[in-house]
Amino acid sequence: MASSSDEIEPVLGGSIGVDRIDEDAERRLFDRWAVELRPDLFRYAFWLARDRALAEDIVQEALLRAWRAFGGLRDKQSVKQWLMTITRREYARTYQRKRLETTDLDALSAREEGLIAAHDDLDVREMRSAIFDLEAEYREPLVLQVLMGYKTEEIAGIMGISAGAVLTRLFRARRKLKSQLGWGVEE
Amino acid sequence: MGGGGVSTECLEFRRRVEAEPGNEAPDLAEHEARCASCARFRRTLGQFDGLIREALLVDVPAPQAPRRSPVAPERRTWWGIAAALVLAVGIGLAFRLPVPEPRAGSFAGHVVTHLEHEPEALDAVLRPMDRARVEDVLAAHGVRMAATTPIVYARTCIVDGKRVAHLVVHGASGAVTVMLLPGEQLSESGTFEAGSLSGRIRPITGGSVAIVGHDQPVEPAAERRILEAVGFDRRNRAGVAG
């Protein structure tokens, strides 16, 4: 997986055991991961919620929760996936609290029109709009695969579904986008 | 294939790479090497995925001024903490009587511990469980719930050494955890709060029930709907007084 968390070096250098570093160092380590991974977390939250303000809140809450639980974390290689899972759970909590108006797509689109249109390339804008309209079950694995670089088994782990179901959704997601954008579905 | 026709093998190749454009399985590479049409398909798919990636890369806003600092809570000023405490105490005194935390070793305490260790149950609001699986769990406990109850999660769990049906109901008032303990009427009943959880335990005909809200107390109307929807089978009622 081409994960940015794989590229993060420990603050104390070398192959430290995370359980041996002191609290300040642990805080700096968490800070650094939070800064480096925030763009990924925000984009993941945004494409889950399709709401920029809500995505910011979700990421902030997720990082708060992550910091509280950080002392128990021992596997730094899985930090990114751990944070993604916390972000996803935070989105679920927000969803169950607020009963997000996921069916009111027009209102969501109108609210985020500026963000969707914030690109010079018309093809990208049209693609962004098409992804925005995609059902959540197709949108999420696509984000995890294309943007986050996760493998099928990792996506299955994050979403709690089988690898086969992930592949089916990814296939259908691309088919739907192609159909919507008039790329044609080659057979 | 080489002449532009699409064989079953080509269809299989395209189905697999369209789900996993980065799939470099040897059989796919071998097919691609001898099928110009599928090689072209994969190149086009690469361009398409590049467009998807570009579209997903929305601008990331600068970090918010944190309402609460995730990394340094102790940096809050004492004045801020004192003001928050005064406000919290004032609101608490003005609007409600204190709700007790569950006693250590009580069933409520075990419920709280269980929920803290099974947070994934709430993920079901995004991915509701099949109703058939829900019914299987209910049947295993001799429990009936009205078919209209929006149960998104059901699992048999052990809480305080007792087998309970752990449910998550996702209705108009948000997600509510419902724990059903058939055939046993708990002596403890009443409300409790622990962290973001707030709930009530009460005996009902044929067993006991715990209803727990997450982040907010369960609205009385929602609690009433849940209680009206629950029914324990006769076999559970035999040993308990209604």
# chains A, B, ... in the order shown; residues from 1 in each chain; ligands from 1
>>> residues_around(residues="Leu41 (chain A)", least_positions_apart="2", cutoff="8 Å", atoms="only C-alpha atoms", output="VMD selection string")
chain A and resid 37 to 39 43 to 45 59 83 to 84 87
>>> interface_residues(of="chain A", to="chain B", cutoff="7 Å", atoms="only C-alpha atoms", output="mmCIF file with N, CA and C atoms, in the first residue's frame")
data_model
loop_
_atom_site.group_PDB
_atom_site.id
_atom_site.type_symbol
_atom_site.label_atom_id
_atom_site.label_comp_id
_atom_site.auth_asym_id
_atom_site.auth_seq_id
_atom_site.Cartn_x
_atom_site.Cartn_y
_atom_site.Cartn_z
ATOM 1 N N ARG A 27 3.520 12.684 22.270
ATOM 2 C CA ARG A 27 2.667 13.782 21.804
ATOM 3 C C ARG A 27 3.193 14.350 20.484
ATOM 4 N N ASP A 31 1.260 14.373 17.018
ATOM 5 C CA ASP A 31 1.116 15.653 16.317
ATOM 6 C C ASP A 31 1.554 15.518 14.867
ATOM 7 N N PRO A 39 -4.830 15.729 5.640
ATOM 8 C CA PRO A 39 -5.451 15.855 4.314
ATOM 9 C C PRO A 39 -6.199 14.588 3.889
ATOM 10 N N PHE A 42 -9.343 14.318 6.032
ATOM 11 C CA PHE A 42 -10.371 15.283 5.629
ATOM 12 C C PHE A 42 -11.061 14.831 4.345
ATOM 13 N N ARG A 43 -10.256 14.420 3.375
ATOM 14 C CA ARG A 43 -10.870 14.019 2.090
ATOM 15 C C ARG A 43 -11.752 12.786 2.269
ATOM 16 N N LEU A 63 -9.590 13.072 15.692
ATOM 17 C CA LEU A 63 -8.234 13.251 16.224
ATOM 18 C C LEU A 63 -8.248 13.365 17.747
ATOM 19 N N LEU A 64 -9.292 13.994 18.272
ATOM 20 C CA LEU A 64 -9.412 14.050 19.739
ATOM 21 C C LEU A 64 -9.530 12.645 20.323
ATOM 22 N N TRP A 67 -6.245 10.749 20.006
ATOM 23 C CA TRP A 67 -5.219 11.127 20.984
ATOM 24 C C TRP A 67 -5.487 10.480 22.340
ATOM 25 N N ARG A 89 -15.812 5.834 12.118
ATOM 26 C CA ARG A 89 -16.697 5.639 13.279
ATOM 27 C C ARG A 89 -17.286 6.968 13.737
ATOM 28 N N ALA A 92 -20.021 7.805 11.567
ATOM 29 C CA ALA A 92 -21.200 7.016 11.947
ATOM 30 C C ALA A 92 -21.890 7.629 13.161
ATOM 31 N N GLN A 96 -25.598 9.003 13.195
ATOM 32 C CA GLN A 96 -26.671 8.526 14.070
ATOM 33 C C GLN A 96 -27.184 9.624 14.992
ATOM 34 N N ARG A 97 -26.339 10.648 15.244
ATOM 35 C CA ARG A 97 -26.792 11.781 16.062
ATOM 36 C C ARG A 97 -27.698 12.701 15.266
ATOM 37 N N LYS A 98 -27.258 12.986 14.039
ATOM 38 C CA LYS A 98 -27.945 14.040 13.295
ATOM 39 C C LYS A 98 -28.904 13.516 12.241
ATOM 40 N N ARG A 99 -28.891 12.201 11.996
ATOM 41 C CA ARG A 99 -29.739 11.652 10.944
ATOM 42 C C ARG A 99 -29.534 12.473 9.665
ATOM 43 N N VAL A 124 -12.543 17.122 -14.916
ATOM 44 C CA VAL A 124 -12.409 16.851 -13.475
ATOM 45 C C VAL A 124 -13.657 17.324 -12.738
ATOM 46 N N ARG A 125 -14.143 18.483 -13.132
ATOM 47 C CA ARG A 125 -15.361 19.002 -12.474
ATOM 48 C C ARG A 125 -16.542 18.051 -12.697
ATOM 49 N N MET A 127 -16.372 14.865 -13.369
ATOM 50 C CA MET A 127 -16.110 13.632 -12.621
ATOM 51 C C MET A 127 -16.419 13.854 -11.138
ATOM 52 N N ARG A 128 -16.001 14.984 -10.613
ATOM 53 C CA ARG A 128 -16.237 15.280 -9.187
ATOM 54 C C ARG A 128 -17.741 15.294 -8.905
ATOM 55 N N VAL A 146 -8.686 4.426 -4.806
ATOM 56 C CA VAL A 146 -8.027 5.348 -5.741
ATOM 57 C C VAL A 146 -7.253 6.443 -5.015
ATOM 58 N N LEU A 147 -7.848 6.978 -3.962
ATOM 59 C CA LEU A 147 -7.208 8.105 -3.275
ATOM 60 C C LEU A 147 -6.247 7.648 -2.185
ATOM 61 N N LEU A 167 -14.871 -5.810 -4.388
ATOM 62 C CA LEU A 167 -14.577 -5.849 -5.829
ATOM 63 C C LEU A 167 -15.837 -5.571 -6.656
ATOM 64 N N THR A 168 -16.934 -6.146 -6.220
ATOM 65 C CA THR A 168 -18.193 -5.916 -6.948
ATOM 66 C C THR A 168 -18.563 -4.432 -6.923
ATOM 67 N N LEU A 170 -16.563 -1.869 -6.463
ATOM 68 C CA LEU A 170 -15.610 -1.067 -7.238
ATOM 69 C C LEU A 170 -15.899 -1.181 -8.738
ATOM 70 N N PHE A 171 -16.199 -2.381 -9.174
ATOM 71 C CA PHE A 171 -16.536 -2.595 -10.585
ATOM 72 C C PHE A 171 -17.777 -1.767 -10.945
ATOM 73 N N ARG A 174 -17.178 2.102 -11.078
ATOM 74 C CA ARG A 174 -16.575 2.610 -12.331
ATOM 75 C C ARG A 174 -17.565 2.544 -13.476
ATOM 76 N N GLU A 187 -17.096 -3.670 -23.824
ATOM 77 C CA GLU A 187 -17.185 -5.101 -23.515
ATOM 78 C C GLU A 187 -16.254 -5.874 -24.444
#
>>> select_by_dssp(residues="region 87-219 of chain B", states="alpha helix (DSSP H)", output="tab-separated table (two decimals) with N, CA, C and O atoms, in the first residue's frame")
chain	number	residue	atom	x	y	z
B	87	LEU	N	-20.35	27.09	34.32
B	87	LEU	CA	-21.47	27.00	33.39
B	87	LEU	C	-22.12	25.62	33.47
B	87	LEU	O	-23.34	25.49	33.55
B	88	ALA	N	-21.28	24.59	33.49
B	88	ALA	CA	-21.81	23.22	33.51
B	88	ALA	C	-22.59	22.97	34.80
B	88	ALA	O	-23.69	22.41	34.78
B	89	VAL	N	-22.01	23.41	35.92
B	89	VAL	CA	-22.69	23.21	37.20
B	89	VAL	C	-24.00	23.99	37.22
B	89	VAL	O	-25.05	23.50	37.65
B	90	GLY	N	-23.94	25.22	36.72
B	90	GLY	CA	-25.13	26.06	36.70
B	90	GLY	C	-26.24	25.44	35.88
B	90	GLY	O	-27.39	25.35	36.33
B	91	ILE	N	-25.87	24.97	34.69
B	91	ILE	CA	-26.88	24.35	33.83
B	91	ILE	C	-27.43	23.09	34.48
B	91	ILE	O	-28.62	22.83	34.50
B	92	GLY	N	-26.51	22.32	35.08
B	92	GLY	CA	-26.93	21.08	35.73
B	92	GLY	C	-27.91	21.33	36.84
B	92	GLY	O	-28.95	20.67	36.95
B	93	LEU	N	-27.61	22.34	37.68
B	93	LEU	CA	-28.49	22.64	38.80
B	93	LEU	C	-29.82	23.20	38.32
B	93	LEU	O	-30.87	22.94	38.89
B	94	ALA	N	-29.72	23.98	37.24
B	94	ALA	CA	-30.92	24.66	36.79
B	94	ALA	C	-31.91	23.69	36.14
B	94	ALA	O	-33.11	23.84	36.26
B	95	PHE	N	-31.43	22.74	35.43
B	95	PHE	CA	-32.33	21.95	34.60
B	95	PHE	C	-32.53	20.50	35.03
B	95	PHE	O	-33.44	19.85	34.57
B	107	PHE	N	-25.29	-4.32	37.03
B	107	PHE	CA	-25.55	-4.69	35.63
B	107	PHE	C	-25.33	-3.47	34.73
B	107	PHE	O	-24.76	-3.59	33.65
B	108	ALA	N	-25.76	-2.29	35.21
B	108	ALA	CA	-25.55	-1.07	34.42
B	108	ALA	C	-24.05	-0.86	34.15
B	108	ALA	O	-23.65	-0.49	33.04
B	109	GLY	N	-23.24	-1.11	35.17
B	109	GLY	CA	-21.80	-0.96	35.00
B	109	GLY	C	-21.26	-1.92	33.95
B	109	GLY	O	-20.42	-1.55	33.12
B	110	HIS	N	-21.79	-3.14	33.97
B	110	HIS	CA	-21.35	-4.12	32.97
B	110	HIS	C	-21.81	-3.72	31.57
B	110	HIS	O	-21.12	-3.94	30.58
B	111	VAL	N	-23.02	-3.14	31.48
B	111	VAL	CA	-23.52	-2.68	30.18
B	111	VAL	C	-22.59	-1.61	29.62
B	111	VAL	O	-22.20	-1.64	28.44
B	112	VAL	N	-22.21	-0.67	30.48
B	112	VAL	CA	-21.33	0.42	30.03
B	112	VAL	C	-19.98	-0.15	29.56
B	112	VAL	O	-19.48	0.20	28.49
B	113	THR	N	-19.42	-1.04	30.35
B	113	THR	CA	-18.14	-1.63	29.97
B	113	THR	C	-18.27	-2.36	28.64
B	113	THR	O	-17.41	-2.24	27.75
B	114	HIS	N	-19.36	-3.09	28.49
B	114	HIS	CA	-19.57	-3.84	27.24
B	114	HIS	C	-19.65	-2.90	26.04
B	114	HIS	O	-19.03	-3.13	25.00
B	115	LEU	N	-20.42	-1.82	26.19
B	115	LEU	CA	-20.59	-0.90	25.06
B	115	LEU	C	-19.28	-0.20	24.71
B	115	LEU	O	-19.01	0.09	23.54
B	116	GLU	N	-18.48	0.06	25.73
B	116	GLU	CA	-17.18	0.71	25.45
B	116	GLU	C	-16.26	-0.23	24.69
B	116	GLU	O	-15.36	0.21	23.98
B	117	HIS	N	-16.49	-1.54	24.84
B	117	HIS	CA	-15.63	-2.50	24.15
B	117	HIS	C	-16.23	-3.00	22.85
B	117	HIS	O	-15.63	-3.80	22.16
B	131	ARG	N	-32.35	-8.17	7.99
B	131	ARG	CA	-33.42	-8.41	8.96
B	131	ARG	C	-33.46	-9.90	9.35
B	131	ARG	O	-33.78	-10.24	10.49
B	132	ALA	N	-33.13	-10.79	8.39
B	132	ALA	CA	-33.17	-12.22	8.69
B	132	ALA	C	-32.20	-12.57	9.81
B	132	ALA	O	-32.51	-13.36	10.70
B	133	ARG	N	-31.01	-11.95	9.78
B	133	ARG	CA	-30.02	-12.21	10.83
B	133	ARG	C	-30.51	-11.65	12.17
B	133	ARG	O	-30.32	-12.23	13.23
B	134	VAL	N	-31.14	-10.50	12.09
B	134	VAL	CA	-31.69	-9.89	13.30
B	134	VAL	C	-32.73	-10.83	13.91
B	134	VAL	O	-32.73	-11.09	15.12
B	135	GLU	N	-33.60	-11.36	13.06
B	135	GLU	CA	-34.66	-12.24	13.54
B	135	GLU	C	-34.08	-13.50	14.16
B	135	GLU	O	-34.61	-14.03	15.14
B	136	ASP	N	-32.96	-14.00	13.59
B	136	ASP	CA	-32.32	-15.19	14.14
B	136	ASP	C	-31.87	-14.93	15.59
B	136	ASP	O	-32.04	-15.77	16.46
B	137	VAL	N	-31.28	-13.78	15.79
B	137	VAL	CA	-30.79	-13.44	17.14
B	137	VAL	C	-31.97	-13.30	18.10
B	137	VAL	O	-31.95	-13.82	19.22
B	138	LEU	N	-33.02	-12.61	17.64
B	138	LEU	CA	-34.19	-12.43	18.50
B	138	LEU	C	-34.80	-13.78	18.86
B	138	LEU	O	-35.13	-14.04	20.02
B	139	ALA	N	-34.91	-14.65	17.85
B	139	ALA	CA	-35.51	-15.97	18.09
B	139	ALA	C	-34.68	-16.77	19.09
B	139	ALA	O	-35.23	-17.49	19.93
B	140	ALA	N	-33.37	-16.64	19.01
B	140	ALA	CA	-32.50	-17.38	19.92
B	140	ALA	C	-32.73	-16.99	21.38
B	140	ALA	O	-32.43	-17.76	22.29
>>> atom_distance(atom1="CA of Pro217 (chain B)", atom2="CA of Arg202 (chain B)")
15.5 Å
